[in-house]
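S.K.: This one is structure20.cif, mmCIF, C-alpha atoms.
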```cif
data_my_file
#
loop_
_atom_site.group_PDB
_atom_site.id
_atom_site.type_symbol
_atom_site.label_atom_id
_atom_site.label_comp_id
_atom_site.auth_asym_id
_atom_site.auth_seq_id
_atom_site.Cartn_x
_atom_site.Cartn_y
_atom_site.Cartn_z
ATOM 1 C CA MET A 1 1.704 -25.311 -16.935
ATOM 2 C CA PRO A 2 5.404 -24.969 -16.123
ATOM 3 C CA LYS A 3 5.085 -21.183 -16.200
ATOM 4 C CA LEU A 4 2.140 -21.297 -13.827
ATOM 5 C CA SER A 5 4.049 -23.537 -11.387
ATOM 6 C CA TRP A 6 6.987 -21.128 -11.456
ATOM 7 C CA ASN A 7 4.736 -18.184 -10.674
ATOM 8 C CA ARG A 8 3.180 -20.074 -7.785
ATOM 9 C CA SER A 9 6.629 -20.864 -6.399
ATOM 10 C CA ILE A 10 7.620 -17.183 -6.569
ATOM 11 C CA SER A 11 4.397 -16.182 -4.864
ATOM 12 C CA SER A 12 4.839 -18.797 -2.114
ATOM 13 C CA LEU A 13 8.424 -17.686 -1.503
ATOM 14 C CA ARG A 14 7.340 -14.041 -1.300
ATOM 15 C CA THR A 15 4.579 -14.933 1.142
ATOM 16 C CA PHE A 16 6.999 -16.939 3.280
ATOM 17 C CA SER A 17 9.565 -14.098 3.279
ATOM 18 C CA GLN A 18 6.948 -11.588 4.350
ATOM 19 C CA SER A 19 5.753 -13.856 7.144
ATOM 20 C CA LEU A 20 9.303 -14.487 8.294
ATOM 21 C CA TRP A 21 10.048 -10.754 8.332
ATOM 22 C CA ARG A 22 6.935 -9.990 10.373
ATOM 23 C CA TRP A 23 8.017 -12.620 12.887
ATOM 24 C CA LEU A 24 11.637 -11.434 13.061
ATOM 25 C CA GLU A 25 11.036 -7.674 12.915
ATOM 26 C CA PRO A 26 10.631 -7.189 16.714
ATOM 27 C CA TYR A 27 13.929 -9.023 17.275
ATOM 28 C CA VAL A 28 16.077 -7.398 14.579
ATOM 29 C CA SER A 29 17.877 -5.054 16.989
ATOM 30 C CA SER A 30 18.712 -7.894 19.383
ATOM 31 C CA ILE A 31 19.923 -10.108 16.543
ATOM 32 C CA LEU A 32 22.194 -7.350 15.233
ATOM 33 C CA ILE A 33 23.615 -6.718 18.726
ATOM 34 C CA VAL A 34 24.327 -10.418 19.289
ATOM 35 C CA ALA A 35 25.882 -10.776 15.839
ATOM 36 C CA GLY A 36 28.012 -7.680 16.345
ATOM 37 C CA ALA A 37 29.161 -8.827 19.780
ATOM 38 C CA THR A 38 30.048 -12.261 18.391
ATOM 39 C CA ILE A 39 32.086 -10.780 15.549
ATOM 40 C CA LEU A 40 33.820 -8.374 17.948
ATOM 41 C CA GLY A 41 34.598 -11.161 20.418
ATOM 42 C CA VAL A 42 36.080 -13.394 17.733
ATOM 43 C CA SER A 43 38.121 -10.487 16.370
ATOM 44 C CA LEU A 44 39.511 -9.590 19.806
ATOM 45 C CA ALA A 45 40.358 -13.236 20.475
ATOM 46 C CA ILE A 46 42.296 -13.430 17.211
ATOM 47 C CA ILE A 47 44.138 -10.189 17.975
ATOM 48 C CA ALA A 48 44.894 -11.295 21.543
ATOM 49 C CA GLN A 49 46.684 -14.395 20.254
ATOM 50 C CA PHE A 50 49.388 -12.121 18.877
ATOM 51 C CA ILE A 51 49.720 -9.978 22.022
ATOM 52 C CA GLU A 52 52.236 -11.266 24.557
ATOM 53 C CA PRO A 53 52.002 -9.890 28.115
ATOM 54 C CA GLY A 54 55.808 -9.815 28.331
ATOM 55 C CA ASP A 55 58.051 -11.008 31.130
ATOM 56 C CA ARG A 56 56.494 -10.368 34.532
ATOM 57 C CA VAL A 57 55.984 -11.568 38.086
ATOM 58 C CA VAL A 58 52.446 -11.833 39.462
ATOM 59 C CA VAL A 59 52.057 -12.128 43.237
ATOM 60 C CA GLY A 60 48.649 -13.216 44.536
ATOM 61 C CA ASN A 61 47.259 -13.627 48.025
ATOM 62 C CA THR A 62 45.856 -17.161 47.976
ATOM 63 C CA ALA A 63 43.914 -17.737 51.198
ATOM 64 C CA GLY A 64 46.354 -15.674 53.258
ATOM 65 C CA THR A 65 49.531 -17.055 51.649
ATOM 66 C CA LEU A 66 51.379 -15.372 48.793
ATOM 67 C CA THR A 67 51.770 -17.393 45.604
ATOM 68 C CA VAL A 68 54.214 -16.199 42.937
ATOM 69 C CA LEU A 69 53.695 -16.634 39.183
ATOM 70 C CA ILE A 70 56.777 -15.986 37.039
ATOM 71 C CA GLU A 71 56.552 -15.618 33.268
ATOM 72 C CA SER A 72 59.899 -15.292 31.510
ATOM 73 C CA ASN A 73 61.157 -16.292 28.082
ATOM 74 C CA GLN A 74 57.781 -17.919 27.308
ATOM 75 C CA GLN A 75 58.073 -20.135 30.390
ATOM 76 C CA ARG A 76 55.665 -20.094 33.326
ATOM 77 C CA LEU A 77 56.670 -21.041 36.867
ATOM 78 C CA LEU A 78 54.514 -21.046 39.983
ATOM 79 C CA ILE A 79 56.058 -20.850 43.465
ATOM 80 C CA GLY A 80 53.644 -22.145 46.101
ATOM 81 C CA ALA A 81 50.004 -23.053 45.704
ATOM 82 C CA GLY A 82 48.330 -21.983 48.940
ATOM 83 C CA PRO A 83 46.408 -23.982 51.538
ATOM 84 C CA SER A 84 43.185 -24.376 49.526
ATOM 85 C CA ARG A 85 42.400 -26.283 46.336
ATOM 86 C CA SER A 86 40.927 -23.342 44.450
ATOM 87 C CA HIS A 87 42.773 -20.091 45.212
ATOM 88 C CA ALA A 88 45.935 -20.744 43.172
ATOM 89 C CA ALA A 89 43.828 -21.959 40.255
ATOM 90 C CA ASP A 90 41.837 -18.723 40.488
ATOM 91 C CA LEU A 91 45.061 -16.681 40.458
ATOM 92 C CA ILE A 92 46.215 -18.464 37.299
ATOM 93 C CA GLY A 93 42.789 -17.985 35.714
ATOM 94 C CA ARG A 94 42.815 -14.224 36.372
ATOM 95 C CA SER A 95 46.438 -13.773 35.284
ATOM 96 C CA THR A 96 46.529 -15.721 32.011
ATOM 97 C CA ARG A 97 44.571 -16.059 28.790
ATOM 98 C CA PRO A 98 41.772 -18.665 28.628
ATOM 99 C CA TRP A 99 43.530 -20.778 26.017
ATOM 100 C CA ASP A 100 46.968 -20.603 27.654
ATOM 101 C CA ARG A 101 46.836 -21.379 31.376
ATOM 102 C CA THR A 102 49.290 -24.233 31.807
ATOM 103 C CA VAL A 103 52.133 -23.848 34.311
ATOM 104 C CA ASP A 104 55.364 -25.463 33.151
ATOM 105 C CA LEU A 105 56.722 -26.041 36.663
ATOM 106 C CA LEU A 106 55.120 -25.829 40.107
ATOM 107 C CA ILE A 107 57.677 -25.331 42.893
ATOM 108 C CA LEU A 108 56.692 -26.277 46.452
ATOM 109 C CA PRO A 109 58.621 -25.702 49.669
ATOM 110 C CA GLY A 110 58.948 -29.124 51.294
ATOM 111 C CA TRP A 111 59.510 -28.110 54.916
ATOM 112 C CA ASP A 112 55.782 -28.502 55.690
ATOM 113 C CA ASP A 113 52.630 -29.510 53.814
ATOM 114 C CA HIS A 114 51.071 -26.030 53.697
ATOM 115 C CA HIS A 115 50.941 -25.856 49.883
ATOM 116 C CA VAL A 116 49.888 -29.439 49.156
ATOM 117 C CA ALA A 117 46.127 -28.796 49.011
ATOM 118 C CA GLY A 118 46.590 -26.071 46.401
ATOM 119 C CA ALA A 119 48.947 -28.292 44.414
ATOM 120 C CA ILE A 120 46.437 -31.138 44.300
ATOM 121 C CA GLY A 121 43.773 -28.693 43.141
ATOM 122 C CA LEU A 122 45.999 -27.637 40.244
ATOM 123 C CA ILE A 123 46.764 -31.266 39.376
ATOM 124 C CA GLU A 124 43.076 -32.132 39.240
ATOM 125 C CA ARG A 125 42.480 -29.176 36.914
ATOM 126 C CA ARG A 126 45.362 -30.343 34.675
ATOM 127 C CA SER A 127 46.964 -26.917 35.086
ATOM 128 C CA ILE A 128 50.601 -27.976 35.597
ATOM 129 C CA ASP A 129 53.162 -30.002 33.645
ATOM 130 C CA SER A 130 55.646 -30.861 36.409
ATOM 131 C CA ILE A 131 56.378 -30.383 40.118
ATOM 132 C CA ALA A 132 59.575 -29.741 42.075
ATOM 133 C CA VAL A 133 59.679 -29.920 45.889
ATOM 134 C CA ILE A 134 62.510 -28.072 47.646
ATOM 135 C CA GLY A 135 63.873 -30.320 50.363
ATOM 136 C CA ILE A 136 62.812 -33.745 51.560
ATOM 137 C CA PRO A 137 59.376 -33.616 53.226
ATOM 138 C CA GLY A 138 58.456 -35.370 56.431
ATOM 139 C CA ASN A 139 56.013 -38.228 56.762
ATOM 140 C CA GLU A 140 52.803 -36.185 56.718
ATOM 141 C CA PRO A 141 50.000 -38.008 54.847
ATOM 142 C CA ALA A 142 49.485 -34.986 52.574
ATOM 143 C CA TRP A 143 52.709 -35.751 50.720
ATOM 144 C CA THR A 144 51.530 -39.281 49.987
ATOM 145 C CA LEU A 145 48.317 -37.822 48.570
ATOM 146 C CA LEU A 146 50.358 -35.461 46.385
ATOM 147 C CA GLU A 147 52.506 -38.293 45.047
ATOM 148 C CA ARG A 148 49.422 -40.354 44.248
ATOM 149 C CA ALA A 149 47.707 -37.448 42.498
ATOM 150 C CA SER A 150 50.784 -36.649 40.398
ATOM 151 C CA SER A 151 51.115 -40.328 39.479
ATOM 152 C CA ASP A 152 47.421 -40.661 38.575
ATOM 153 C CA PHE A 153 47.629 -37.645 36.255
ATOM 154 C CA ASP A 154 51.080 -38.588 34.921
ATOM 155 C CA ILE A 155 52.771 -35.419 36.196
ATOM 156 C CA PRO A 156 56.502 -35.752 36.984
ATOM 157 C CA LEU A 157 57.386 -34.941 40.600
ATOM 158 C CA ARG A 158 60.962 -34.624 41.860
ATOM 159 C CA TYR A 159 62.581 -33.627 45.131
ATOM 160 C CA VAL A 160 65.389 -31.056 45.125
ATOM 161 C CA ASP A 161 67.567 -31.838 48.155
ATOM 162 C CA HIS A 162 70.482 -29.505 47.326
ATOM 163 C CA PRO A 163 70.882 -25.936 46.016
ATOM 164 C CA SER A 164 69.940 -25.879 42.337
ATOM 165 C CA SER A 165 69.692 -23.432 39.454
ATOM 166 C CA LEU A 166 67.119 -23.503 36.678
ATOM 167 C CA ASP A 167 68.263 -21.532 33.623
ATOM 168 C CA LEU A 168 65.392 -19.817 31.799
ATOM 169 C CA ASP A 169 67.741 -18.309 29.227
ATOM 170 C CA SER A 170 71.407 -17.280 29.051
ATOM 171 C CA ARG A 171 70.934 -14.361 31.495
ATOM 172 C CA THR A 172 67.860 -15.371 33.497
ATOM 173 C CA SER A 173 67.704 -18.083 36.144
ATOM 174 C CA LEU A 174 65.870 -19.320 39.212
ATOM 175 C CA LEU A 175 67.985 -20.377 42.190
ATOM 176 C CA MET A 176 66.410 -22.754 44.707
ATOM 177 C CA SER A 177 67.618 -23.847 48.124
ATOM 178 C CA GLU A 178 66.552 -24.635 51.634
ATOM 179 C CA LEU A 179 67.413 -22.100 54.320
ATOM 180 C CA ASP A 180 70.881 -22.002 55.774
ATOM 181 C CA GLY A 181 71.518 -23.801 59.062
ATOM 182 C CA ASP A 182 68.786 -25.590 60.962
ATOM 183 C CA ARG A 183 65.951 -23.214 60.027
ATOM 184 C CA ASP A 184 62.966 -24.622 58.167
ATOM 185 C CA GLY A 185 62.032 -22.941 54.935
ATOM 186 C CA ALA A 186 62.888 -22.293 51.304
ATOM 187 C CA TRP A 187 64.672 -19.420 49.551
ATOM 188 C CA LEU A 188 64.297 -18.811 45.817
ATOM 189 C CA ARG A 189 65.939 -16.091 43.738
ATOM 190 C CA PHE A 190 64.630 -15.086 40.331
ATOM 191 C CA ASP A 191 67.661 -13.471 38.695
ATOM 192 C CA TYR A 192 66.643 -11.457 35.648
ATOM 193 C CA GLN A 193 69.748 -10.115 33.901
ATOM 194 C CA GLY A 194 71.295 -9.085 37.208
ATOM 195 C CA MET A 195 68.084 -7.858 38.875
ATOM 196 C CA ALA A 196 66.835 -10.038 41.708
ATOM 197 C CA VAL A 197 63.510 -11.070 43.191
ATOM 198 C CA ASP A 198 63.870 -13.185 46.341
ATOM 199 C CA VAL A 199 60.990 -15.392 47.484
ATOM 200 C CA ILE A 200 61.117 -16.640 51.085
ATOM 201 C CA ASP A 201 58.770 -19.263 52.471
ATOM 202 C CA SER A 202 59.371 -19.812 56.168
ATOM 203 C CA ALA A 203 57.818 -19.435 59.600
ATOM 204 C CA GLU A 204 61.060 -17.720 60.686
ATOM 205 C CA THR A 205 61.351 -15.181 57.899
ATOM 206 C CA ALA A 206 63.203 -12.549 59.918
ATOM 207 C CA ARG A 207 66.163 -14.879 60.551
ATOM 208 C CA ALA A 208 66.067 -16.534 57.145
ATOM 209 C CA ARG A 209 69.205 -16.756 55.025
ATOM 210 C CA PRO A 210 69.760 -18.676 51.793
ATOM 211 C CA ASP A 211 72.145 -21.579 51.610
ATOM 212 C CA PRO A 212 75.490 -19.830 50.865
ATOM 213 C CA ARG A 213 76.142 -22.352 48.103
ATOM 214 C CA ALA A 214 73.121 -20.934 46.240
ATOM 215 C CA ALA A 215 73.139 -17.185 46.859
ATOM 216 C CA ASP A 216 74.136 -14.382 49.199
ATOM 217 C CA PRO A 217 71.707 -11.834 50.644
ATOM 218 C CA VAL A 218 71.727 -8.640 48.581
ATOM 219 C CA ASP A 219 70.261 -5.154 48.898
ATOM 220 C CA ASP A 220 68.370 -3.011 46.379
ATOM 221 C CA HIS A 221 66.117 -5.763 45.104
ATOM 222 C CA LEU A 222 62.602 -7.138 45.668
ATOM 223 C CA VAL A 223 61.768 -9.537 48.492
ATOM 224 C CA ILE A 224 58.520 -11.510 48.649
ATOM 225 C CA SER A 225 57.668 -13.099 51.993
ATOM 226 C CA THR A 226 55.015 -15.690 51.253
ATOM 227 C CA ARG A 227 54.138 -16.879 54.741
ATOM 228 C CA ARG A 228 54.822 -14.124 57.274
ATOM 229 C CA VAL A 229 54.419 -10.351 57.483
ATOM 230 C CA ALA A 230 58.177 -10.028 57.972
ATOM 231 C CA LEU A 231 61.325 -9.577 55.893
ATOM 232 C CA PRO A 232 64.754 -11.181 56.373
ATOM 233 C CA ASP A 233 67.163 -9.355 58.641
ATOM 234 C CA ALA A 234 69.967 -10.296 56.252
ATOM 235 C CA SER A 235 68.904 -7.842 53.529
ATOM 236 C CA SER A 236 67.280 -4.434 53.132
ATOM 237 C CA PRO A 237 65.276 -4.592 49.913
ATOM 238 C CA SER A 238 64.077 -1.722 47.785
ATOM 239 C CA VAL A 239 60.601 -3.264 47.796
ATOM 240 C CA GLY A 240 59.174 -5.715 50.322
ATOM 241 C CA ILE A 241 56.027 -7.615 49.376
ATOM 242 C CA VAL A 242 53.919 -9.302 52.063
ATOM 243 C CA ALA A 243 50.362 -10.416 52.693
ATOM 244 C CA GLN A 244 48.049 -7.776 54.112
ATOM 245 C CA PRO A 245 48.184 -8.029 57.940
ATOM 246 C CA HIS A 246 44.981 -9.112 59.694
ATOM 247 C CA TRP A 247 46.016 -9.249 63.362
ATOM 248 C CA ASP A 248 47.435 -6.550 65.610
ATOM 249 C CA PHE A 249 50.707 -8.400 66.167
ATOM 250 C CA GLU A 250 51.284 -8.578 62.397
ATOM 251 C CA PHE A 251 51.357 -4.798 61.925
ATOM 252 C CA THR A 252 55.098 -4.136 62.182
ATOM 253 C CA GLU A 253 57.565 -1.764 60.559
ATOM 254 C CA LEU A 254 59.524 -3.535 57.831
ATOM 255 C CA ASP A 255 63.034 -2.619 56.739
ATOM 256 C CA ALA A 256 62.425 -1.746 53.102
ATOM 257 C CA GLN A 257 62.320 1.422 51.058
ATOM 258 C CA TYR A 258 58.823 0.634 49.816
ATOM 259 C CA LEU A 259 56.186 -1.900 50.814
ATOM 260 C CA ALA A 260 53.357 -3.624 48.993
ATOM 261 C CA SER A 261 50.719 -5.414 51.077
ATOM 262 C CA ILE A 262 48.431 -7.726 49.120
ATOM 263 C CA ASP A 263 44.974 -8.421 50.498
ATOM 264 C CA ARG A 264 43.223 -11.774 50.162
ATOM 265 C CA ASN A 265 42.212 -12.655 46.597
ATOM 266 C CA ASP A 266 44.104 -9.613 45.282
ATOM 267 C CA ARG A 267 47.263 -9.639 43.190
ATOM 268 C CA LEU A 268 50.202 -7.435 42.290
ATOM 269 C CA THR A 269 51.832 -7.428 38.856
ATOM 270 C CA ILE A 270 55.521 -6.618 38.515
ATOM 271 C CA GLY A 271 56.451 -5.789 34.954
ATOM 272 C CA ILE A 272 60.009 -6.461 33.801
ATOM 273 C CA ASP A 273 62.211 -4.985 31.137
ATOM 274 C CA THR A 274 65.963 -5.098 30.647
ATOM 275 C CA GLU A 275 66.667 -2.217 33.045
ATOM 276 C CA ARG A 276 64.122 -2.261 35.873
ATOM 277 C CA PHE A 277 61.118 -3.787 37.564
ATOM 278 C CA ARG A 278 57.896 -1.831 37.144
ATOM 279 C CA ILE A 279 55.229 -1.617 39.875
ATOM 280 C CA HIS A 280 52.288 0.761 39.788
ATOM 281 C CA GLN A 281 52.835 3.620 42.215
ATOM 282 C CA ASP A 282 49.393 3.133 43.796
ATOM 283 C CA ASP A 283 50.435 -0.370 44.900
ATOM 284 C CA LEU A 284 53.339 0.916 47.026
ATOM 285 C CA GLU A 285 53.646 2.740 50.320
ATOM 286 C CA PRO A 286 56.743 4.081 52.076
ATOM 287 C CA GLY A 287 58.624 1.608 54.233
ATOM 288 C CA MET A 288 60.725 2.149 57.333
ATOM 289 C CA ARG A 289 63.959 2.716 55.383
ATOM 290 C CA SER A 290 62.378 5.455 53.230
ATOM 291 C CA ALA A 291 62.797 7.823 56.208
ATOM 292 C CA ASP A 292 66.545 7.223 56.440
ATOM 293 C CA PRO A 293 68.777 10.100 55.270
#
```
Now that the file is in, can you turn its structure into structure tokens?

M.R.:
Amino acid sequence: MPKLSWNRSISSLRTFSQSLWRWLEPYVSSILIVAGATILGVSLAIIAQFIEPGDRVVVGNTAGTLTVLIESNQQRLLIGAGPSRSHAADLIGRSTRPWDRTVDLLILPGWDDHHVAGAIGLIERRSIDSIAVIGIPGNEPAWTLLERASSDFDIPLRYVDHPSSLDLDSRTSLLMSELDGDRDGAWLRFDYQGMAVDVIDSAETARARPDPRAADPVDDHLVISTRRVALPDASSPSVGIVAQPHWDFEFTELDAQYLASIDRNDRLTIGIDTERFRIHQDDLEPGMRSADP
């Protein structure tokens, strides 16, 4: 009897296996493709964890305003957030890895509330660890909303009312100040081992100058104008980066050797090494100064 029961079990198992195979046979190719894709995806994700993108600056056009993402020495800073709740978050999502999208510090110009909506959107997505506002804002209700949102999500917010320097390492820093004189705006300089990227946020970009206690205008560097299709008169950069013009009055000649115009929802990546900034040649066009002897 035990032997007979064993034989019946073997026969039942064989019958079940044959039935299962007949049912699965039409789907074998699909199952193998899905399994292969899953294994490949997991493998690439594991490999990607050990690949660092390196130090870089990513400039994105967020709803017509340029937002600047700086990654240096394993720190991530975001200058500006744009006038909408989603565009800056989309820039971060397209520029970082899915498991590593937190911004260590969001820096907002405080001379108007243009960037507050984007900042609140990032707060609600839990995408930032802290906020710094350059200057003391006015009494617009948007700033109250920002303070409430940062408090609700336990995100430190501080106001920087004097020229300041944030050291990223021994030879890399970010200088922050309001504009010199009575002009409204903010001037930031990312100094990478002696190479400079200036970020200007102002409605009067052409006449903008940094607070002399923070920095002096320099030539042969990169200038990013976040708000206007204009560059400061005080410097003649090697590369000027602006938003793509949309109106006739915005199409002007800019005093730079090369220009990069970023269209809405597009971005420009500036790679960095110890000797130079790297921008893809297709992203640049000759500027007004390129014709000078």

S.K.: For CA of Ile79 (chain A) and CA of Ser225 (chain A), determine how far apart the two atoms are, in Å to one decimal place.

M.R.: 11.6 Å

S.K.: What does the distance between CA of Leu175 (chain A) and CA of Tyr192 (chain A) come to in Å, to one decimal place?

M.R.: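 About the pair CA of Leu175 (chain A) and CA of Tyr192 (chain A): they are 11.1 Å apart.
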
S.K.: Any chance you could work out the residue set of the PyMOL selection byres ((chain A and resi 197-199) around 6) here, as a list of chain:residue names?

M.R.: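 Expected selection for the PyMOL selection byres ((chain A and resi 197-199) around 6) here is A:Trp187, A:Leu188, A:Arg189, A:Phe190, A:Ala196, A:Ile200, A:Leu222, A:Val223, A:Ile224.
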
S.K.: Applied to this file, what does the PyMOL selection byres ((chain A and resi 130) around 8) return in terms of residues, put as a list in words?

M.R.: Asp104, Leu105, Leu106, Ile128, Asp129, Ile131, Ala132, Ile155, Pro156 and Leu157 of chain A

S.K.: When the PyMOL selection byres ((chain A and resi 134) around 6) is applied to the file above, which residues end up in the set, as a ChimeraX atom specification?

M.R.: /A:109-110,133,135,160

S.K.: Report, in Å to a single decimal, how far apart CA of Val229 (chain A) and CA of Ala243 (chain A) are.

M.R.: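 For CA of Ala243 (chain A) relative to CA of Val229 (chain A), the distance reads 6.3 Å.
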
S.K.: Env of region 252-263 of chain A: 9 Å cut, atoms = all atoms listed in the file, seq-sep filter 3 positions within chain, self excluded. Answer as a compact mmCIF listing (two decimals) with C-alpha atoms, in the frame of the given file.

M.R.:
```txt
# COMPACT_ATOMS: atom_id res chain seq x y z
CA VAL A 59 52.06 -12.13 43.24
CA GLY A 60 48.65 -13.22 44.54
CA ASN A 61 47.26 -13.63 48.02
CA GLY A 64 46.35 -15.67 53.26
CA LEU A 66 51.38 -15.37 48.79
CA ASP A 220 68.37 -3.01 46.38
CA VAL A 229 54.42 -10.35 57.48
CA ALA A 230 58.18 -10.03 57.97
CA LEU A 231 61.32 -9.58 55.89
CA PRO A 232 64.75 -11.18 56.37
CA ASP A 233 67.16 -9.36 58.64
CA SER A 235 68.90 -7.84 53.53
CA SER A 236 67.28 -4.43 53.13
CA PRO A 237 65.28 -4.59 49.91
CA SER A 238 64.08 -1.72 47.78
CA VAL A 239 60.60 -3.26 47.80
CA GLY A 240 59.17 -5.72 50.32
CA ILE A 241 56.03 -7.62 49.38
CA VAL A 242 53.92 -9.30 52.06
CA ALA A 243 50.36 -10.42 52.69
CA GLN A 244 48.05 -7.78 54.11
CA PRO A 245 48.18 -8.03 57.94
CA ASP A 248 47.44 -6.55 65.61
CA PHE A 249 50.71 -8.40 66.17
CA ASP A 266 44.10 -9.61 45.28
CA ARG A 267 47.26 -9.64 43.19
CA LEU A 268 50.20 -7.44 42.29
CA ASP A 283 50.44 -0.37 44.90
CA LEU A 284 53.34 0.92 47.03
CA GLU A 285 53.65 2.74 50.32
CA PRO A 286 56.74 4.08 52.08
CA GLY A 287 58.62 1.61 54.23
CA MET A 288 60.72 2.15 57.33
CA ARG A 289 63.96 2.72 55.38
CA SER A 290 62.38 5.46 53.23
CA ALA A 291 62.80 7.82 56.21
CA ASP A 292 66.54 7.22 56.44
```

S.K.: Tell me, as a list of chain:residue names, which residues lie within 12 Å of Leu146 (chain A), counting all atoms listed in the file; anything in the same chain fewer than 5 positions away does not count.

M.R.: A:Leu108, A:Gly110, A:Asp113, A:His114, A:His115, A:Val116, A:Ala117, A:Gly118, A:Ala119, A:Ile120, A:Gly121, A:Leu122, A:Ile123, A:Glu124, A:Ile131, A:Ala132, A:Val133, A:Pro137, A:Glu140, A:Pro141, A:Ser151, A:Asp152, A:Phe153, A:Asp154, A:Ile155, A:Pro156, A:Leu157, A:Arg158

S.K.: Which is closest to Leu91 (chain A) among A:Leu174, A:Ile272, A:Ala214, A:Ala63, if we use all atoms listed in the file?

M.R.: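 Closest candidate: A:Ala63.
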
S.K.: Rank nothing, just name the residue among A:Asp55, A:Asp201, A:Asp180, A:Asp216 nearest to Ala81 (chain A), using all atoms listed in the file.

M.R.: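 That would be A:Asp201, the residue with the smallest distance to Ala81 (chain A).
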
S.K.: Name the closest residue to Thr96 (chain A) among the candidates A:Ala215, A:Leu166, A:Met195, A:Val57; distances are taken between atoms, counting all atoms listed in the file.

M.R.: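 The closest residue to Thr96 (chain A) is A:Val57.
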
S.K.: Select, from A:Asp112, A:Ala234, A:Asp161, A:Ala149, the residue with the minimum atom-to-atom distance to Gly185 (chain A), counting all atoms listed in the file.

M.R.: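 The answer is A:Asp112, which sits nearest to Gly185 (chain A).
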
S.K.: Need the shell around Asp90 (chain A): protein/DNA/RNA residues with any atom at most 10 Å away, counting only C-alpha atoms. Skip same-chain ones fewer than 2 positions apart. Format as a JSON list (two decimals) with C-alpha atoms, in the frame of the given file?

M.R.:
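So the final result, stored in out.json, reads:
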```json
[["chain", "number", "residue", "atom", "x", "y", "z"],
["A", 60, "GLY", "CA", 48.65, -13.22, 44.54],
["A", 62, "THR", "CA", 45.86, -17.16, 47.98],
["A", 85, "ARG", "CA", 42.40, -26.28, 46.34],
["A", 86, "SER", "CA", 40.93, -23.34, 44.45],
["A", 87, "HIS", "CA", 42.77, -20.09, 45.21],
["A", 88, "ALA", "CA", 45.94, -20.74, 43.17],
["A", 92, "ILE", "CA", 46.22, -18.46, 37.30],
["A", 93, "GLY", "CA", 42.79, -17.98, 35.71],
["A", 94, "ARG", "CA", 42.82, -14.22, 36.37],
["A", 95, "SER", "CA", 46.44, -13.77, 35.28],
["A", 122, "LEU", "CA", 46.00, -27.64, 40.24],
["A", 265, "ASN", "CA", 42.21, -12.66, 46.60]]
```

S.K.: Using all atoms listed in the file, pick whichever of A:His221, A:Arg148, A:Arg276, A:Arg227 has the shortest atom-to-atom distance to Ala203 (chain A).

M.R.: A:Arg227

S.K.: Which residue out of A:Thr65, A:Pro212, A:Thr205, A:Asp167 has the minimum interatomic distance to Arg264 (chain A) when all atoms listed in the file are used?

M.R.: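 Ranked by minimum distance to Arg264 (chain A), first place goes to A:Thr65.
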
S.K.: Edge lengths and centre in Å to one decimal, as lines of an AutoDock Vina configuration file, is what I'm after for the box along x, y and z that holds all listed atoms of region 190-201 of chain A once 6 Å is added on each side.

M.R.:
```
center_x = 65.0
center_y = -13.6
center_z = 43.2
size_x = 24.5
size_y = 23.4
size_z = 30.6
```
